[in-house]
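Working notes, structure below.
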Amino acid sequence: MPTLLILFGLRFYFYLRDHEPVHIHVESGDGEAKFEIIKEVRLVYNHGLKPKDVKLAESIIEENKENFISEWEKAFDNKSER
């Protein structure tokens, strides 16, 4: 599972056997969340991340969205619907 970014105690990654739609997992010492990132950043689930960390993760994903999608496409050798 490639780590895309570690920032402010949050790790952003996806699994190599993951599935569409393009999404990013985020984890901290408190838990994990999943965000879809095609078209708009959307929280799919949150298991234990504090609300402030969910908001922070969402902001970081927005800023890095194009890079994250690019890394996903490289890993899965495909183009996603943007």
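Quick note on naming: the chains in the structure tokens go A, B, ... in the order shown, residues restart at 1 in each chain, and ligands are numbered from 1 in order of appearance.
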
Would you kindly return, as a count of residues only, each protein, DNA or RNA residue with an atom no farther than 8 Å from any atom of stretch 26-31 of chain A, considering only C-alpha atoms and excluding same-chain residues fewer than 6 positions away?
11

Would you please extract all strand (DSSP E) residues from stretch 3-82 of chain A, as assigned by DSSP on the backbone, and give them as a PyMOL selection string?
chain A and resi 3-7+10-13+23-27+32-36+42-47

What does the file look like for those residues with N, CA, C and O atoms, as an mmCIF file, in the first residue's frame?
data_model
loop_
_atom_site.group_PDB
_atom_site.id
_atom_site.type_symbol
_atom_site.label_atom_id
_atom_site.label_comp_id
_atom_site.auth_asym_id
_atom_site.auth_seq_id
_atom_site.Cartn_x
_atom_site.Cartn_y
_atom_site.Cartn_z
ATOM 1 N N THR A 3 2.277 4.777 0.386
ATOM 2 C CA THR A 3 2.016 5.996 1.153
ATOM 3 C C THR A 3 2.268 7.168 0.227
ATOM 4 O O THR A 3 3.347 7.297 -0.351
ATOM 5 N N LEU A 4 1.270 8.011 0.075
ATOM 6 C CA LEU A 4 1.374 9.164 -0.806
ATOM 7 C C LEU A 4 1.910 10.389 -0.102
ATOM 8 O O LEU A 4 2.602 11.209 -0.693
ATOM 9 N N LEU A 5 1.569 10.513 1.188
ATOM 10 C CA LEU A 5 1.935 11.710 1.936
ATOM 11 C C LEU A 5 1.738 11.447 3.422
ATOM 12 O O LEU A 5 0.785 10.756 3.800
ATOM 13 N N ILE A 6 2.625 11.974 4.228
ATOM 14 C CA ILE A 6 2.443 11.992 5.680
ATOM 15 C C ILE A 6 2.588 13.451 6.091
ATOM 16 O O ILE A 6 3.609 14.084 5.813
ATOM 17 N N LEU A 7 1.541 13.975 6.724
ATOM 18 C CA LEU A 7 1.530 15.393 7.077
ATOM 19 C C LEU A 7 0.664 15.593 8.309
ATOM 20 O O LEU A 7 -0.458 15.072 8.366
ATOM 21 N N LEU A 10 -1.041 12.633 9.821
ATOM 22 C CA LEU A 10 -1.988 11.904 8.986
ATOM 23 C C LEU A 10 -1.236 11.235 7.837
ATOM 24 O O LEU A 10 -0.385 11.860 7.198
ATOM 25 N N ARG A 11 -1.545 9.976 7.590
ATOM 26 C CA ARG A 11 -0.938 9.245 6.475
ATOM 27 C C ARG A 11 -1.989 9.031 5.394
ATOM 28 O O ARG A 11 -3.094 8.554 5.675
ATOM 29 N N PHE A 12 -1.652 9.394 4.165
ATOM 30 C CA PHE A 12 -2.546 9.292 3.025
ATOM 31 C C PHE A 12 -2.035 8.171 2.130
ATOM 32 O O PHE A 12 -0.871 8.181 1.737
ATOM 33 N N TYR A 13 -2.910 7.219 1.786
ATOM 34 C CA TYR A 13 -2.467 6.051 1.021
ATOM 35 C C TYR A 13 -3.644 5.401 0.297
ATOM 36 O O TYR A 13 -4.805 5.757 0.505
ATOM 37 N N HIS A 23 -10.029 6.733 -4.721
ATOM 38 C CA HIS A 23 -10.221 7.173 -3.347
ATOM 39 C C HIS A 23 -8.908 7.068 -2.583
ATOM 40 O O HIS A 23 -7.982 6.398 -3.023
ATOM 41 N N ILE A 24 -8.868 7.750 -1.458
ATOM 42 C CA ILE A 24 -7.680 7.803 -0.611
ATOM 43 C C ILE A 24 -8.080 7.417 0.802
ATOM 44 O O ILE A 24 -9.106 7.862 1.311
ATOM 45 N N HIS A 25 -7.241 6.594 1.423
ATOM 46 C CA HIS A 25 -7.409 6.273 2.835
ATOM 47 C C HIS A 25 -6.514 7.217 3.634
ATOM 48 O O HIS A 25 -5.421 7.570 3.196
ATOM 49 N N VAL A 26 -6.990 7.593 4.808
ATOM 50 C CA VAL A 26 -6.237 8.480 5.695
ATOM 51 C C VAL A 26 -6.254 7.840 7.069
ATOM 52 O O VAL A 26 -7.301 7.421 7.556
ATOM 53 N N GLU A 27 -5.077 7.765 7.691
ATOM 54 C CA GLU A 27 -5.048 7.206 9.035
ATOM 55 C C GLU A 27 -4.196 8.052 9.965
ATOM 56 O O GLU A 27 -3.287 8.755 9.529
ATOM 57 N N GLU A 32 -9.152 5.698 11.065
ATOM 58 C CA GLU A 32 -8.996 5.754 9.616
ATOM 59 C C GLU A 32 -10.257 6.329 8.983
ATOM 60 O O GLU A 32 -11.362 6.147 9.494
ATOM 61 N N ALA A 33 -10.061 6.981 7.843
ATOM 62 C CA ALA A 33 -11.182 7.489 7.049
ATOM 63 C C ALA A 33 -10.880 7.210 5.580
ATOM 64 O O ALA A 33 -9.736 6.942 5.200
ATOM 65 N N LYS A 34 -11.919 7.278 4.780
ATOM 66 C CA LYS A 34 -11.784 7.063 3.343
ATOM 67 C C LYS A 34 -12.505 8.194 2.619
ATOM 68 O O LYS A 34 -13.630 8.549 2.987
ATOM 69 N N PHE A 35 -11.842 8.748 1.601
ATOM 70 C CA PHE A 35 -12.396 9.840 0.814
ATOM 71 C C PHE A 35 -12.371 9.476 -0.663
ATOM 72 O O PHE A 35 -11.323 9.061 -1.172
ATOM 73 N N GLU A 36 -13.499 9.633 -1.365
ATOM 74 C CA GLU A 36 -13.493 9.586 -2.820
ATOM 75 C C GLU A 36 -12.938 10.922 -3.287
ATOM 76 O O GLU A 36 -13.174 11.951 -2.648
ATOM 77 N N ARG A 42 -15.049 13.687 -1.182
ATOM 78 C CA ARG A 42 -16.231 13.295 -0.420
ATOM 79 C C ARG A 42 -15.859 12.221 0.589
ATOM 80 O O ARG A 42 -15.273 11.200 0.239
ATOM 81 N N LEU A 43 -16.207 12.461 1.847
ATOM 82 C CA LEU A 43 -15.965 11.480 2.901
ATOM 83 C C LEU A 43 -16.871 10.277 2.680
ATOM 84 O O LEU A 43 -18.090 10.418 2.572
ATOM 85 N N VAL A 44 -16.284 9.093 2.620
ATOM 86 C CA VAL A 44 -17.042 7.855 2.450
ATOM 87 C C VAL A 44 -17.343 7.247 3.806
ATOM 88 O O VAL A 44 -18.460 6.840 4.082
ATOM 89 N N TYR A 45 -16.300 7.158 4.649
ATOM 90 C CA TYR A 45 -16.501 6.695 6.021
ATOM 91 C C TYR A 45 -15.417 7.245 6.927
ATOM 92 O O TYR A 45 -14.358 7.650 6.470
ATOM 93 N N ASN A 46 -15.714 7.247 8.200
ATOM 94 C CA ASN A 46 -14.756 7.664 9.222
ATOM 95 C C ASN A 46 -14.875 6.694 10.387
ATOM 96 O O ASN A 46 -15.945 6.534 10.957
ATOM 97 N N HIS A 47 -13.778 6.040 10.706
ATOM 98 C CA HIS A 47 -13.723 5.130 11.849
ATOM 99 C C HIS A 47 -12.695 5.642 12.853
ATOM 100 O O HIS A 47 -11.558 5.201 12.862
#

A:Arg17 surroundings by only C-alpha atoms, 10 Å radius, close-in-sequence under 4 positions cut, as number ranges by chain
A: 1, 75-76

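If only C-alpha atoms are the atoms counted, then among A:Ser59, A:Ile69, A:Asn64, A:Pro2 the closest residue to A:Leu16 is A:Pro2.
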
Using backbone DSSP assignments, extract all alpha helix (DSSP H) residues from chain A; output them as a PyMOL selection string.
chain A and resi 51-76
